[in-house]
Amino acid sequence: MVLAPAKAASKTTRKSPALLDFWRSTIGKKVVMAVTGLLMVAFLLAHMVGNLKIFFGPAEFDAYSAWLRTIGGPVLHHEWYLWIQRTGLLIALVLHITAAAQLSRRDRKARPVRYVHSRRPRATFATRTMRWGGVIIAFYVVWHVLDLTVGAVHPGFVPHHPYQNVVTNFQVWWINLIYFVPVILVGLHINHGFFSAAQTLGVHHPARRRALKITGSALAFVITAGFLLVPIAVMTGMVE
């Protein structure tokens, strides 16, 4: 006698997409944080190097700024590359902040009993400031766009004159203060985050621990110093 195939169950469990499962997992969020963080570090390094062209004078700096708007041409229209880059960075920033917030919330739920001391044992200053420092950096990104990109909060914005706009900007002491604090926090963020990203992505190894620590600290120092050099040069009259 031939047995008829068993009937399928009336109720089936629908599987969520693998990418969504990956995002929901703790390791997935850590990987997203690591990858987006490294992408933003790469952008900051390139952006910092470009900023230093201000030391070659207004013609050189303004020409560099104009060139950025023509990248990808003639395939890409004027400023298309910049908008693609901005969109990519915005997505990376949102993913980075979202993953960080959700991981922080999971960490608090997993440890309902607070530490006996107010600070975690052996926590560095950079580690302790990662959360609130990230919030300050996010707010500064908005300010920076309104200041030197849009010109809405700039004290004397002149369209298509980036050299003049930068110099005018950093001649105001309180704008320098707004600039200095987030840049230093970015350095602390990179110093701690680079090593964490290496651990998450599997690059970390006991034999490479020291090298990774040095690389992260060097990146943090170079990027911080490079960005601070411009306002310092304006304040001291080296760039005018």
# chains A, B, ... in the order shown; residues from 1 in each chain; ligands from 1
call {"tool": "residues_around", "arguments": {"residues": "Val32 (chain A)", "least_positions_apart": "2", "cutoff": "8 Å", "atoms": "only C-alpha atoms", "output": "MDAnalysis selection string"}}
result
chainID A and resid 23 28:30 34:36 95:96 99
call {"tool": "write_last_selection", "arguments": {"atoms": "N, CA, C and O atoms", "output": "compact mmCIF listing (two decimals), in the first residue's frame"}}
result
# COMPACT_ATOMS: atom_id res chain seq x y z
N TRP A 23 20.99 42.14 11.83
CA TRP A 23 20.89 43.45 12.48
C TRP A 23 20.36 43.32 13.91
O TRP A 23 20.80 44.03 14.81
N GLY A 28 25.73 41.47 15.23
CA GLY A 28 25.41 42.22 14.02
C GLY A 28 25.51 43.71 14.24
O GLY A 28 26.06 44.45 13.42
N LYS A 29 24.97 44.18 15.35
CA LYS A 29 25.03 45.61 15.67
C LYS A 29 26.47 46.05 15.89
O LYS A 29 26.86 47.17 15.51
N LYS A 30 27.27 45.20 16.51
CA LYS A 30 28.68 45.54 16.73
C LYS A 30 29.44 45.63 15.41
O LYS A 30 30.30 46.51 15.23
N ALA A 34 31.27 48.84 13.84
CA ALA A 34 32.67 48.80 13.45
C ALA A 34 32.87 49.28 12.01
O ALA A 34 33.73 50.13 11.74
N VAL A 35 32.06 48.76 11.09
CA VAL A 35 32.21 49.11 9.67
C VAL A 35 31.89 50.58 9.42
O VAL A 35 32.64 51.29 8.75
N THR A 36 30.76 51.05 9.97
CA THR A 36 30.39 52.46 9.77
C THR A 36 31.41 53.39 10.44
O THR A 36 31.73 54.46 9.91
N LEU A 95 23.07 54.66 11.30
CA LEU A 95 23.26 53.26 11.69
C LEU A 95 24.19 53.14 12.89
O LEU A 95 23.94 52.34 13.80
N HIS A 96 25.26 53.93 12.89
CA HIS A 96 26.24 53.90 13.98
C HIS A 96 25.59 54.30 15.31
O HIS A 96 25.75 53.62 16.32
N ALA A 99 22.81 51.66 16.39
CA ALA A 99 23.41 50.44 16.92
C ALA A 99 24.00 50.69 18.31
O ALA A 99 23.85 49.88 19.22
call {"tool": "closest_residue", "arguments": {"among": "A:Gly37, A:Ala110, A:Phe170, A:His205", "to": "Leu229 (chain A)", "atoms": "only C-alpha atoms"}}
result
A:Phe170
call {"tool": "closest_residue", "arguments": {"among": "A:Asp21, A:Ala233, A:Leu38, A:Trp67", "to": "Leu201 (chain A)", "atoms": "only C-alpha atoms"}}
result
A:Leu38
call {"tool": "atom_distance", "arguments": {"atom1": "CA of Asn51 (chain A)", "atom2": "CA of Ile232 (chain A)"}}
result
12.9 Å
call {"tool": "residues_around", "arguments": {"residues": "region 40-48 of chain A", "least_positions_apart": "4", "cutoff": "8 Å", "atoms": "only C-alpha atoms", "output": "list in words"}}
result
Thr36, Leu52, Leu89, Ala92, Leu93, Ile190, Ile223, Gly226 and Phe227 of chain A
call {"tool": "residues_around", "arguments": {"residues": "Asn191 (chain A)", "least_positions_apart": "4", "cutoff": "12 Å", "atoms": "only C-alpha atoms", "output": "PyMOL selection string"}}
result
chain A and resi 37-38+41+124-127+129-130+184-187+195-198+212-224
call {"tool": "closest_residue", "arguments": {"among": "A:Ile97, A:Asn176, A:His161, A:Asn169", "to": "Asp147 (chain A)", "atoms": "only C-alpha atoms"}}
result
A:Asn169
call {"tool": "residues_around", "arguments": {"residues": "region 83-87 of chain A", "least_positions_apart": "2", "cutoff": "12 Å", "atoms": "only C-alpha atoms", "output": "PyMOL selection string"}}
result
chain A and resi 39-40+43+47+68-72+76-81+89-94+141+145+149
call {"tool": "atom_distance", "arguments": {"atom1": "CA of Val239 (chain A)", "atom2": "CA of Phe55 (chain A)"}}
result
6.7 Å
call {"tool": "closest_residue", "arguments": {"among": "A:Val183, A:Ala66, A:Leu82, A:Val234", "to": "Gln171 (chain A)", "atoms": "only C-alpha atoms"}}
result
A:Val234
call {"tool": "select_by_dssp", "arguments": {"residues": "chain A", "states": "helix (DSSP H, G or I)", "output": "count of residues only"}}
result
172
call {"tool": "decode", "arguments": {"residues": "region 63-105 of chain A", "atoms": "C-alpha atoms", "output": "PDB file, in the first residue's frame"}}
result
ATOM      1  CA  ALA A  63      40.155  75.470  -6.399  1.00  0.00           C
ATOM      2  CA  TYR A  64      40.193  72.326  -4.261  1.00  0.00           C
ATOM      3  CA  SER A  65      36.681  73.092  -3.039  1.00  0.00           C
ATOM      4  CA  ALA A  66      35.485  73.589  -6.622  1.00  0.00           C
ATOM      5  CA  TRP A  67      37.138  70.333  -7.711  1.00  0.00           C
ATOM      6  CA  LEU A  68      35.143  68.385  -5.103  1.00  0.00           C
ATOM      7  CA  ARG A  69      31.972  69.430  -6.923  1.00  0.00           C
ATOM      8  CA  THR A  70      33.196  68.005 -10.225  1.00  0.00           C
ATOM      9  CA  ILE A  71      34.315  64.539  -9.050  1.00  0.00           C
ATOM     10  CA  GLY A  72      32.856  61.829 -11.262  1.00  0.00           C
ATOM     11  CA  GLY A  73      32.234  64.125 -14.194  1.00  0.00           C
ATOM     12  CA  PRO A  74      31.173  63.994 -16.924  1.00  0.00           C
ATOM     13  CA  VAL A  75      29.345  60.812 -15.849  1.00  0.00           C
ATOM     14  CA  LEU A  76      28.063  62.485 -12.695  1.00  0.00           C
ATOM     15  CA  HIS A  77      26.508  65.919 -12.865  1.00  0.00           C
ATOM     16  CA  HIS A  78      27.789  68.899 -10.890  1.00  0.00           C
ATOM     17  CA  GLU A  79      27.849  68.154  -7.123  1.00  0.00           C
ATOM     18  CA  TRP A  80      26.275  64.706  -7.568  1.00  0.00           C
ATOM     19  CA  TYR A  81      29.325  63.050  -5.983  1.00  0.00           C
ATOM     20  CA  LEU A  82      29.068  65.306  -2.924  1.00  0.00           C
ATOM     21  CA  TRP A  83      25.396  64.458  -2.460  1.00  0.00           C
ATOM     22  CA  ILE A  84      26.100  60.744  -2.842  1.00  0.00           C
ATOM     23  CA  GLN A  85      28.871  61.066  -0.286  1.00  0.00           C
ATOM     24  CA  ARG A  86      26.690  63.072   2.111  1.00  0.00           C
ATOM     25  CA  THR A  87      23.865  60.549   1.812  1.00  0.00           C
ATOM     26  CA  GLY A  88      26.244  57.651   2.473  1.00  0.00           C
ATOM     27  CA  LEU A  89      27.766  59.392   5.486  1.00  0.00           C
ATOM     28  CA  LEU A  90      24.325  60.237   6.865  1.00  0.00           C
ATOM     29  CA  ILE A  91      23.219  56.604   6.568  1.00  0.00           C
ATOM     30  CA  ALA A  92      26.454  55.453   8.222  1.00  0.00           C
ATOM     31  CA  LEU A  93      26.015  57.964  11.045  1.00  0.00           C
ATOM     32  CA  VAL A  94      22.377  56.964  11.674  1.00  0.00           C
ATOM     33  CA  LEU A  95      23.263  53.264  11.687  1.00  0.00           C
ATOM     34  CA  HIS A  96      26.240  53.897  13.977  1.00  0.00           C
ATOM     35  CA  ILE A  97      24.198  55.900  16.500  1.00  0.00           C
ATOM     36  CA  THR A  98      21.233  53.513  16.375  1.00  0.00           C
ATOM     37  CA  ALA A  99      23.412  50.441  16.923  1.00  0.00           C
ATOM     38  CA  ALA A 100      25.266  52.168  19.773  1.00  0.00           C
ATOM     39  CA  ALA A 101      22.022  53.214  21.502  1.00  0.00           C
ATOM     40  CA  GLN A 102      20.474  49.758  21.180  1.00  0.00           C
ATOM     41  CA  LEU A 103      23.609  48.005  22.416  1.00  0.00           C
ATOM     42  CA  SER A 104      23.773  50.383  25.366  1.00  0.00           C
ATOM     43  CA  ARG A 105      20.148  49.626  26.230  1.00  0.00           C
TER      44      ARG A 105
END
